[in-house]
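A.B. asks: I have a structure I would like to understand better, so I am pasting it below and will then ask my questions one at a time.
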Amino acid sequence: MIDYIAVFITFFAVIDPIGTVPVFIAVTDKYDQKTKRRVALLATIVSTFVLLFFMVGGELLLNALSIPLPAFQISGGIVLFLFALNMIFGDSKPDEEIKLLQNSHRETAIFPLAVPSIASPGAMLAAVLLTKNSVFTILEQLQTAFVMLSVLLFAYVLMLLAGFINKLVGSSGASVISRVMGLILTSVATTNILAGLGEYYKFLPS
């Protein structure tokens with residue numbers, strides 16, 4: 001049985017639904033309400049397929065490339081750690097991704113909204129690491145997928161309520177929350193690195 005709370009917090013940190021709200025507001029500023037809903041739905045669908053691909057095929061891809069999971073877990077943890085540091089000390093998620101505006105609403109839904117705002121590099125790595133075949137059963141992987149989908153659904157609902165949320169927390173509030181999520185993510189990343197090192201040393205000759 002997976003730890004639902006831990007998995008939810010991990011995906012919430014790497015997907016960062018609240019940090020997506022200012023990005024969504026900025027990239028859909030000139031669209032009417034119907035188009036905004038369409039962009040939110042398309043962005044959620046695309047990011048869902050991207051993350052499910054990494055859940056299902058990520059480990060198979062690593063095996064095809066002869067990359068051991070402990071090595072991926074260590075490198076993935078390092079990338080997650082750097083990603084988290086950027087969330088804390090660099091441009092916040094809203095500030096960084098608002099720079100990537102596109103004109104077409106379909107292009108906007110895919111880039112930068114679906115990728116890299118929702119299906120971020122950290123989310124892709126988490127999708128692989130939290131569904132390792134050697135650690136988790138098929139049932140546990142399905143449970144993890146369900147938790148991830150719940151976070152994506154939450155992100156979709158927040159995008160639909162973006163106007164109200166922006167008035168409630170503002171861009172500064174979203175930036176603060178994004179940085180707190182980054183702090184949590186550094187702990188998740190460090191745990192992955194230490195776990196990967198532990199698995200790696202098990203393969204070394206005694």
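How things are named: the first chain in the structure tokens is A, the next is B, and so on; residues count from 1 in each chain; ligands count from 1 in the order shown.
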Listing only residues of region 142-187 of chain A within 9 Å of region 38-49 of chain A, what is the closest atom pair and its distance in Å (to one decimal) for each, using only C-alpha atoms, sorted by chain and residue number ascending, as JSON lines?
C.D. replies:
{"residue": "A:Met148", "atom": "CA", "partner": "A:Thr48", "partner_atom": "CA", "distance": 8.8}
{"residue": "A:Leu149", "atom": "CA", "partner": "A:Thr48", "partner_atom": "CA", "distance": 7.3}
{"residue": "A:Leu152", "atom": "CA", "partner": "A:Thr44", "partner_atom": "CA", "distance": 6.6}
{"residue": "A:Leu153", "atom": "CA", "partner": "A:Thr44", "partner_atom": "CA", "distance": 7.7}
{"residue": "A:Ala155", "atom": "CA", "partner": "A:Thr44", "partner_atom": "CA", "distance": 7.8}
{"residue": "A:Tyr156", "atom": "CA", "partner": "A:Thr44", "partner_atom": "CA", "distance": 6.2}
{"residue": "A:Val157", "atom": "CA", "partner": "A:Ala40", "partner_atom": "CA", "distance": 8.7}
{"residue": "A:Met159", "atom": "CA", "partner": "A:Ala40", "partner_atom": "CA", "distance": 6.1}
{"residue": "A:Leu160", "atom": "CA", "partner": "A:Ala40", "partner_atom": "CA", "distance": 7.0}
A.B. asks: Leaving out region 54-60 of chain A and any residue of its chain fewer than 3 positions from it, which residues lie within 10 Å of it when counting only C-alpha atoms, given as a ChimeraX atom specification?
C.D. replies: /A:49-51,63-69,72,123-133,141-142,144-145
A.B. asks: Excluding region 73-85 of chain A and any residue of its chain fewer than 5 positions from it, enumerate the residues within 6 Å of it, using only C-alpha atoms, and give them as an MDAnalysis selection string.
C.D. replies: chainID A and resid 122 182 185:186 189 192:193 196
A.B. asks: Return as a VMD selection string the full set of residues in region 17-174 of chain A whose backbone-based DSSP assignment is alpha helix (DSSP H).
C.D. replies: chain A and resid 17 to 27 33 to 64 69 to 89 93 to 97 105 to 108 121 to 129 138 to 160 162 to 174
A.B. asks: Each residue of region 118-175 of chain A with at least one atom at most 7 Å from region 20-36 of chain A should appear once, together with its nearest atom pair and the corresponding distance in Å (one decimal); atoms considered: only C-alpha atoms; ordering: chain, then increasing residue number; output as CSV.
C.D. replies:
residue,atom,partner,partner_atom,distance
A:Ile118,CA,A:Thr20,CA,6.9
A:Leu158,CA,A:Val21,CA,6.7
A:Met159,CA,A:Val21,CA,5.8
A:Ala162,CA,A:Val21,CA,5.6
A:Asn166,CA,A:Pro22,CA,7.0
A:Ser171,CA,A:Pro22,CA,6.3
A.B. asks: Could you save the residues just selected, with N, CA and C atoms, as an mmCIF file, in the first residue's frame?
C.D. replies:
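Final file, result10.cif:
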data_model
loop_
_atom_site.group_PDB
_atom_site.id
_atom_site.type_symbol
_atom_site.label_atom_id
_atom_site.label_comp_id
_atom_site.auth_asym_id
_atom_site.auth_seq_id
_atom_site.Cartn_x
_atom_site.Cartn_y
_atom_site.Cartn_z
ATOM 1 N N ILE A 118 2.696 22.398 -16.167
ATOM 2 C CA ILE A 118 2.015 21.325 -15.423
ATOM 3 C C ILE A 118 2.864 20.054 -15.430
ATOM 4 N N LEU A 158 -8.440 24.567 -10.555
ATOM 5 C CA LEU A 158 -7.856 25.859 -10.204
ATOM 6 C C LEU A 158 -7.758 26.767 -11.428
ATOM 7 N N MET A 159 -7.468 26.187 -12.590
ATOM 8 C CA MET A 159 -7.418 27.003 -13.808
ATOM 9 C C MET A 159 -8.798 27.557 -14.143
ATOM 10 N N ALA A 162 -9.380 30.456 -11.963
ATOM 11 C CA ALA A 162 -8.157 31.270 -11.929
ATOM 12 C C ALA A 162 -8.418 32.714 -11.536
ATOM 13 N N ASN A 166 -6.720 34.332 -8.267
ATOM 14 C CA ASN A 166 -5.753 35.419 -8.424
ATOM 15 C C ASN A 166 -6.116 36.593 -7.518
ATOM 16 N N SER A 171 -0.412 37.397 -7.324
ATOM 17 C CA SER A 171 0.823 36.842 -7.894
ATOM 18 C C SER A 171 1.878 36.633 -6.812
#
A.B. asks: Hey, can you check how far CA of Thr190 (chain A) sits from CA of Phe12 (chain A)?
C.D. replies: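 Here the two named atoms are 17.0 Å from each other.
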A.B. asks: Between CA of Ile184 (chain A) and CA of Thr108 (chain A), what is the spacing in Å?
C.D. replies: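 Spanning CA of Thr108 (chain A) to CA of Ile184 (chain A) is a straight-line distance of 28.6 Å.
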A.B. asks: Between CA of Ile5 (chain A) and CA of Gly198 (chain A), what is the spacing in Å?
C.D. replies: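 Spanning CA of Gly198 (chain A) to CA of Ile5 (chain A) is a straight-line distance of 23.8 Å.
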